[in-house]
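One file, query_11.pdb, is given below (PDB, C-alpha atoms and all ligand atoms).
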```pdb
ATOM      1  CA  MET F   9      10.772  17.781  -1.290  1.00  0.00           C
ATOM      2  CA  ALA F  10      12.734  14.628  -1.742  1.00  0.00           C
ATOM      3  CA  ILE F  11      12.540  11.284  -3.410  1.00  0.00           C
ATOM      4  CA  ARG F  12      13.392   8.863  -0.628  1.00  0.00           C
ATOM      5  CA  GLU F  13      14.943   5.447  -0.777  1.00  0.00           C
ATOM      6  CA  ILE F  14      12.362   2.660  -0.469  1.00  0.00           C
ATOM      7  CA  LEU F  15      13.126   0.067   2.206  1.00  0.00           C
ATOM      8  CA  LEU F  16      13.276  -3.458   0.828  1.00  0.00           C
ATOM      9  CA  LEU F  17      12.129  -6.794   2.254  1.00  0.00           C
ATOM     10  CA  GLY F  18      14.506  -7.782   5.056  1.00  0.00           C
ATOM     11  CA  ASN F  19      15.004  -4.245   6.297  1.00  0.00           C
ATOM     12  CA  PRO F  20      13.822  -4.236   9.941  1.00  0.00           C
ATOM     13  CA  GLY F  21      12.258  -0.810   9.347  1.00  0.00           C
ATOM     14  CA  LEU F  22       9.417  -2.537   7.488  1.00  0.00           C
ATOM     15  CA  ARG F  23       8.532  -4.527  10.605  1.00  0.00           C
ATOM     16  CA  MET F  24       8.129  -1.605  12.992  1.00  0.00           C
ATOM     17  CA  LYS F  25       4.771  -0.785  14.508  1.00  0.00           C
ATOM     18  CA  CYS F  26       4.245   2.864  13.625  1.00  0.00           C
ATOM     19  CA  SER F  27       3.191   5.553  16.095  1.00  0.00           C
ATOM     20  CA  PRO F  28       0.099   7.715  15.646  1.00  0.00           C
ATOM     21  CA  VAL F  29       0.608  11.279  14.428  1.00  0.00           C
ATOM     22  CA  LYS F  30      -0.279  13.661  17.260  1.00  0.00           C
ATOM     23  CA  ARG F  31       0.708  17.070  15.892  1.00  0.00           C
ATOM     24  CA  PHE F  32      -1.072  18.337  12.798  1.00  0.00           C
ATOM     25  CA  GLY F  33      -0.465  21.119  10.324  1.00  0.00           C
ATOM     26  CA  THR F  34       3.267  21.131  11.096  1.00  0.00           C
ATOM     27  CA  ARG F  35       6.076  21.593   8.614  1.00  0.00           C
ATOM     28  CA  GLU F  36       7.356  18.144   9.607  1.00  0.00           C
ATOM     29  CA  LEU F  37       4.067  16.450   8.692  1.00  0.00           C
ATOM     30  CA  ARG F  38       3.906  18.365   5.400  1.00  0.00           C
ATOM     31  CA  THR F  39       7.408  17.110   4.582  1.00  0.00           C
ATOM     32  CA  VAL F  40       6.428  13.494   5.308  1.00  0.00           C
ATOM     33  CA  ILE F  41       3.441  13.821   2.949  1.00  0.00           C
ATOM     34  CA  THR F  42       5.451  15.559   0.216  1.00  0.00           C
ATOM     35  CA  ASP F  43       8.218  12.956   0.420  1.00  0.00           C
ATOM     36  CA  LEU F  44       5.682  10.127   0.140  1.00  0.00           C
ATOM     37  CA  ARG F  45       4.060  11.853  -2.823  1.00  0.00           C
ATOM     38  CA  HIS F  46       7.321  12.340  -4.698  1.00  0.00           C
ATOM     39  CA  THR F  47       8.656   8.888  -3.904  1.00  0.00           C
ATOM     40  CA  LEU F  48       5.401   7.291  -5.107  1.00  0.00           C
ATOM     41  CA  SER F  49       5.342   9.342  -8.287  1.00  0.00           C
ATOM     42  CA  ASP F  50       9.004   8.501  -9.042  1.00  0.00           C
ATOM     43  CA  PHE F  51       8.358   4.780  -8.466  1.00  0.00           C
ATOM     44  CA  ARG F  52       5.367   4.865 -10.838  1.00  0.00           C
ATOM     45  CA  LYS F  53       7.490   6.522 -13.500  1.00  0.00           C
ATOM     46  CA  GLN F  54      10.267   3.966 -13.189  1.00  0.00           C
ATOM     47  CA  ASN F  55       8.229   0.795 -12.741  1.00  0.00           C
ATOM     48  CA  GLY F  56       4.910   1.456 -14.424  1.00  0.00           C
ATOM     49  CA  PHE F  57       2.867   0.443 -11.387  1.00  0.00           C
ATOM     50  CA  GLY F  58       2.192   1.716  -7.872  1.00  0.00           C
ATOM     51  CA  ARG F  59      -0.907   3.184  -6.317  1.00  0.00           C
ATOM     52  CA  GLY F  60       0.076   3.678  -2.705  1.00  0.00           C
ATOM     53  CA  ILE F  61       2.938   3.976  -0.253  1.00  0.00           C
ATOM     54  CA  ALA F  62       3.231   3.886   3.535  1.00  0.00           C
ATOM     55  CA  ALA F  63       5.582   5.993   5.674  1.00  0.00           C
ATOM     56  CA  PRO F  64       7.560   3.005   7.042  1.00  0.00           C
ATOM     57  CA  GLN F  65       8.552   2.194   3.439  1.00  0.00           C
ATOM     58  CA  ILE F  66      10.640   5.365   3.460  1.00  0.00           C
ATOM     59  CA  GLY F  67      11.929   4.689   6.971  1.00  0.00           C
ATOM     60  CA  LEU F  68       9.444   6.773   8.974  1.00  0.00           C
ATOM     61  CA  ALA F  69       7.611   4.928  11.758  1.00  0.00           C
ATOM     62  CA  GLN F  70       4.517   7.132  11.576  1.00  0.00           C
ATOM     63  CA  ARG F  71       0.942   6.259  10.746  1.00  0.00           C
ATOM     64  CA  VAL F  72       0.756   8.007   7.371  1.00  0.00           C
ATOM     65  CA  ILE F  73      -0.124   6.517   3.979  1.00  0.00           C
ATOM     66  CA  PHE F  74      -0.340   8.179   0.603  1.00  0.00           C
ATOM     67  CA  LEU F  75      -2.546   6.946  -2.232  1.00  0.00           C
ATOM     68  CA  HIS F  76      -2.782   7.867  -5.870  1.00  0.00           C
ATOM     69  CA  ILE F  77      -5.687   6.252  -7.684  1.00  0.00           C
ATOM     70  CA  ASP F  78      -7.810   8.955  -9.278  1.00  0.00           C
ATOM     71  CA  LYS F  79      -6.230  11.759  -7.328  1.00  0.00           C
ATOM     72  CA  PRO F  80      -3.346  11.843  -4.851  1.00  0.00           C
ATOM     73  CA  PHE F  81      -4.176  12.135  -1.145  1.00  0.00           C
ATOM     74  CA  ALA F  82      -2.714  11.407   2.280  1.00  0.00           C
ATOM     75  CA  LEU F  83      -4.427   9.500   5.081  1.00  0.00           C
ATOM     76  CA  ILE F  84      -3.116  10.118   8.578  1.00  0.00           C
ATOM     77  CA  ASN F  85      -3.823   7.669  11.408  1.00  0.00           C
ATOM     78  CA  PRO F  86      -6.017   5.531   9.110  1.00  0.00           C
ATOM     79  CA  ARG F  87      -7.983   2.810  10.859  1.00  0.00           C
ATOM     80  CA  ILE F  88     -10.233   0.104   9.455  1.00  0.00           C
ATOM     81  CA  MET F  89     -13.522   0.446  11.333  1.00  0.00           C
ATOM     82  CA  VAL F  90     -15.598  -2.077   9.394  1.00  0.00           C
ATOM     83  CA  ARG F  91     -14.749  -4.929   7.022  1.00  0.00           C
ATOM     84  CA  ARG F  92     -17.577  -6.124   4.837  1.00  0.00           C
ATOM     85  CA  GLY F  93     -18.462  -8.187   1.856  1.00  0.00           C
ATOM     86  CA  GLY F  94     -17.105 -11.365   0.377  1.00  0.00           C
ATOM     87  CA  LYS F  95     -13.467 -12.074  -0.110  1.00  0.00           C
ATOM     88  CA  LEU F  96     -11.434 -10.593  -2.922  1.00  0.00           C
ATOM     89  CA  THR F  97      -8.642 -12.831  -4.176  1.00  0.00           C
ATOM     90  CA  LEU F  98      -5.841 -11.132  -6.067  1.00  0.00           C
ATOM     91  CA  TRP F  99      -2.145 -11.103  -6.924  1.00  0.00           C
ATOM     92  CA  ASP F 100      -0.724  -8.330  -4.781  1.00  0.00           C
ATOM     93  CA  ASP F 101       2.570  -6.500  -5.188  1.00  0.00           C
ATOM     94  CA  CYS F 102       4.623  -4.091  -3.123  1.00  0.00           C
ATOM     95  CA  PHE F 103       7.360  -1.492  -3.660  1.00  0.00           C
ATOM     96  CA  SER F 104       9.366  -3.220  -0.963  1.00  0.00           C
ATOM     97  CA  PHE F 105       9.580  -6.464  -2.991  1.00  0.00           C
ATOM     98  CA  PRO F 106       8.906  -5.331  -6.565  1.00  0.00           C
ATOM     99  CA  ASP F 107      10.020  -8.621  -8.129  1.00  0.00           C
ATOM    100  CA  LEU F 108       7.433 -10.701  -6.274  1.00  0.00           C
ATOM    101  CA  LEU F 109       3.720 -11.301  -6.601  1.00  0.00           C
ATOM    102  CA  VAL F 110       1.707 -12.727  -3.726  1.00  0.00           C
ATOM    103  CA  LYS F 111      -1.801 -14.123  -3.899  1.00  0.00           C
ATOM    104  CA  VAL F 112      -3.888 -12.856  -0.983  1.00  0.00           C
ATOM    105  CA  HIS F 113      -7.471 -12.644   0.202  1.00  0.00           C
ATOM    106  CA  ARG F 114      -8.785  -9.208   1.105  1.00  0.00           C
ATOM    107  CA  ASN F 115     -12.185  -7.945   2.195  1.00  0.00           C
ATOM    108  CA  PHE F 116     -14.279  -6.564  -0.633  1.00  0.00           C
ATOM    109  CA  ALA F 117     -15.298  -3.460   1.291  1.00  0.00           C
ATOM    110  CA  VAL F 118     -13.913  -1.483   4.211  1.00  0.00           C
ATOM    111  CA  ARG F 119     -14.824   1.638   6.087  1.00  0.00           C
ATOM    112  CA  VAL F 120     -11.747   3.590   7.118  1.00  0.00           C
ATOM    113  CA  SER F 121     -11.472   6.557   9.454  1.00  0.00           C
ATOM    114  CA  TYR F 122      -8.506   8.894   9.012  1.00  0.00           C
ATOM    115  CA  GLN F 123      -7.312  12.453   9.554  1.00  0.00           C
ATOM    116  CA  ASP F 124      -5.993  14.975   7.071  1.00  0.00           C
ATOM    117  CA  LEU F 125      -2.973  17.278   7.349  1.00  0.00           C
ATOM    118  CA  HIS F 126      -4.924  19.583   9.660  1.00  0.00           C
ATOM    119  CA  GLY F 127      -6.234  16.813  11.909  1.00  0.00           C
ATOM    120  CA  THR F 128      -9.800  16.945  10.586  1.00  0.00           C
ATOM    121  CA  LYS F 129     -11.465  13.539  10.830  1.00  0.00           C
ATOM    122  CA  HIS F 130     -12.911  11.826   7.762  1.00  0.00           C
ATOM    123  CA  THR F 131     -14.532   8.513   6.940  1.00  0.00           C
ATOM    124  CA  LEU F 132     -14.029   6.701   3.676  1.00  0.00           C
ATOM    125  CA  HIS F 133     -16.090   3.832   2.350  1.00  0.00           C
ATOM    126  CA  ALA F 134     -14.075   1.816  -0.155  1.00  0.00           C
ATOM    127  CA  GLU F 135     -14.843  -1.175  -2.343  1.00  0.00           C
ATOM    128  CA  GLY F 136     -12.821  -3.347  -4.719  1.00  0.00           C
ATOM    129  CA  PRO F 137      -9.395  -1.995  -5.736  1.00  0.00           C
ATOM    130  CA  LEU F 138      -9.430   0.909  -3.257  1.00  0.00           C
ATOM    131  CA  SER F 139     -10.505  -1.432  -0.458  1.00  0.00           C
ATOM    132  CA  GLU F 140      -7.681  -3.906  -1.072  1.00  0.00           C
ATOM    133  CA  LEU F 141      -5.154  -1.082  -1.458  1.00  0.00           C
ATOM    134  CA  LEU F 142      -6.168   0.430   1.892  1.00  0.00           C
ATOM    135  CA  GLN F 143      -5.836  -2.963   3.577  1.00  0.00           C
ATOM    136  CA  HIS F 144      -2.343  -3.374   2.074  1.00  0.00           C
ATOM    137  CA  GLU F 145      -1.137   0.081   3.119  1.00  0.00           C
ATOM    138  CA  ILE F 146      -2.663   0.025   6.622  1.00  0.00           C
ATOM    139  CA  ASP F 147      -1.002  -3.380   7.203  1.00  0.00           C
ATOM    140  CA  HIS F 148       2.364  -1.649   6.582  1.00  0.00           C
ATOM    141  CA  LEU F 149       1.700   0.622   9.587  1.00  0.00           C
ATOM    142  CA  ASN F 150       1.566  -2.482  11.786  1.00  0.00           C
ATOM    143  CA  GLY F 151       4.690  -4.050  10.282  1.00  0.00           C
ATOM    144  CA  VAL F 152       2.604  -6.538   8.288  1.00  0.00           C
ATOM    145  CA  LEU F 153       3.557  -7.266   4.667  1.00  0.00           C
ATOM    146  CA  ALA F 154       1.609  -8.863   1.812  1.00  0.00           C
ATOM    147  CA  ILE F 155       3.819 -11.976   2.008  1.00  0.00           C
ATOM    148  CA  ASP F 156       2.462 -12.540   5.543  1.00  0.00           C
ATOM    149  CA  ARG F 157      -1.004 -12.700   3.986  1.00  0.00           C
ATOM    150  CA  ALA F 158      -0.104 -15.127   1.189  1.00  0.00           C
ATOM    151  CA  ILE F 159      -2.728 -17.855   0.786  1.00  0.00           C
ATOM    152  CA  ASP F 160       0.191 -20.300   1.159  1.00  0.00           C
ATOM    153  CA  SER F 161       3.874 -20.492   0.236  1.00  0.00           C
ATOM    154  CA  ARG F 162       3.030 -21.639  -3.318  1.00  0.00           C
ATOM    155  CA  HIS F 163       1.435 -18.303  -3.919  1.00  0.00           C
ATOM    156  CA  ILE F 164       4.610 -16.235  -3.587  1.00  0.00           C
ATOM    157  CA  ILE F 165       6.103 -16.082  -7.086  1.00  0.00           C
ATOM    158  CA  LEU F 166       8.425 -14.033  -9.262  1.00  0.00           C
ATOM    159  CA  ARG F 167       6.779 -11.320 -11.312  1.00  0.00           C
ATOM    160  CA  SER F 168       8.779 -12.387 -14.385  1.00  0.00           C
ATOM    161  CA  GLU F 169       7.414 -15.965 -14.138  1.00  0.00           C
ATOM    162  CA  TYR F 170       3.894 -14.652 -13.677  1.00  0.00           C
ATOM    163  CA  MET F 171       4.240 -12.604 -16.875  1.00  0.00           C
ATOM    164  CA  LYS F 172       5.628 -15.621 -18.756  1.00  0.00           C
ATOM    165  CA  TRP F 173       2.898 -17.904 -17.481  1.00  0.00           C
ATOM    166  CA  ARG F 174       0.204 -15.411 -18.372  1.00  0.00           C
ATOM    167  CA  LYS F 175       1.641 -15.020 -21.840  1.00  0.00           C
ATOM    168  CA  GLU F 176       1.789 -18.780 -22.396  1.00  0.00           C
ATOM    169  CA  LYS F 177      -1.729 -19.190 -21.158  1.00  0.00           C
ATOM    170  CA  HIS F 178      -2.851 -16.408 -23.404  1.00  0.00           C
ATOM    171  CA  HIS F 179      -1.226 -18.123 -26.415  1.00  0.00           C
ATOM    172  CA  ALA F 180      -2.885 -21.409 -25.543  1.00  0.00           C
ATOM    173  CA  LEU F 181      -6.321 -19.866 -25.604  1.00  0.00           C
TER     174      LEU F 181
HETATM  175 ZN    ZN X 201       3.467  -2.435   0.151  1.00  0.00          ZN
END
```
Just dump the structure as structure tokens.
Ligand SMILES: [Zn+2]
Amino acid sequence: MAIREILLLGNPGLRMKCSPVKRFGTRELRTVITDLRHTLSDFRKQNGFGRGIAAPQIGLAQRVIFLHIDKPFALINPRIMVRRGGKLTLWDDCFSFPDLLVKVHRNFAVRVSYQDLHGTKHTLHAEGPLSELLQHEIDHLNGVLAIDRAIDSRHIILRSEYMKWRKEKHHAL
């Protein structure tokens, strides 16, 4: 197990298109999953947020993501099969640019196919927060970042300013 360094915005590793995992149940794949799990859990401890991480964020160009919402689990070769529902609009964030917030549109619901450690195929229907998280993490596997999805350039802001603005607004109410 290891806590890996998270690649930051500007690192070309974040722009790679990742390759599908072809060999399952291997020690190598277990290590990728364990490293993602520990790196995510360390980031949560240090920053107080973080629900998912993608392999390219720790420098591995493989189609693996790891989520921790209710319980931690890995999705290998995840693919969005269906996008449904109205648009969700939200301020998104990312471990690779933790000081920024980006307003994006995401689909309210998605159906995602993926494989587990052993290569068994699964389908997941996700709505709301899980849906937008899956869209964020699967984008990483194609070298796409939340800033690429910003509604426009005015909607890329510093987290500290967002907090200040929210506080001021709150006081004004
Ligand atoms: Zn991210």
Contacts with ligand ZN 201 (chain X) at most 12 Å, only C-alpha atoms and all ligand atoms counted, listed as number ranges by chain | F: 14-17, 22-23, 48, 57-66, 73-75, 100-106, 108-110, 140-157
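Of the listed residues F:Thr128, F:Ser27, F:Asn115, F:Ser139, the one whose atoms come nearest to Gly93 in chain F is F:Asn115, with distances taken using only C-alpha atoms.
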Pick out the residues sitting within 9 Å of Gly33 in chain F, and hand them over as a ChimeraX atom specification; count only C-alpha atoms, and ignore anything fewer than 5 positions along from it in its own chain.
-> /F:38,124-127
F:Lys172, F:Ile41, F:Arg87, F:Ser161: which is nearest Ala10 in chain F, counting only C-alpha atoms?
->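 Closest to Ala10 in chain F, using only C-alpha atoms: F:Ile41.
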Nearest to Leu96 in chain F: which of F:Lys53, F:Glu36, F:Ile159, F:Val72 is it, counting all atoms listed in the file?
->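 Residue with the minimum atom-to-atom distance to Leu96 in chain F: F:Ile159.
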Target residues per the PyMOL selection byres (((chain F and resi 95) around 10) and not hetatm), formatted as number ranges by chain = F: 92-94, 96-98, 112-117, 136
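For Met89 in chain F, the list of residues within 10 Å, based on only C-alpha atoms and with local chain neighbours fewer than 6 positions off taken out, reads Val118, Arg119, Val120, Ser121, Thr131, Leu132 and His133 of chain F.
For the atom pair formed by CA of Met171 in chain F and CA of Asp78 in chain F, the distance is 25.8 Å, given to one decimal.
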May I ask for the distance between CA of Gly67 in chain F and CA of Gly21 in chain F, given in Å to one decimal place?
-> 6.0 Å
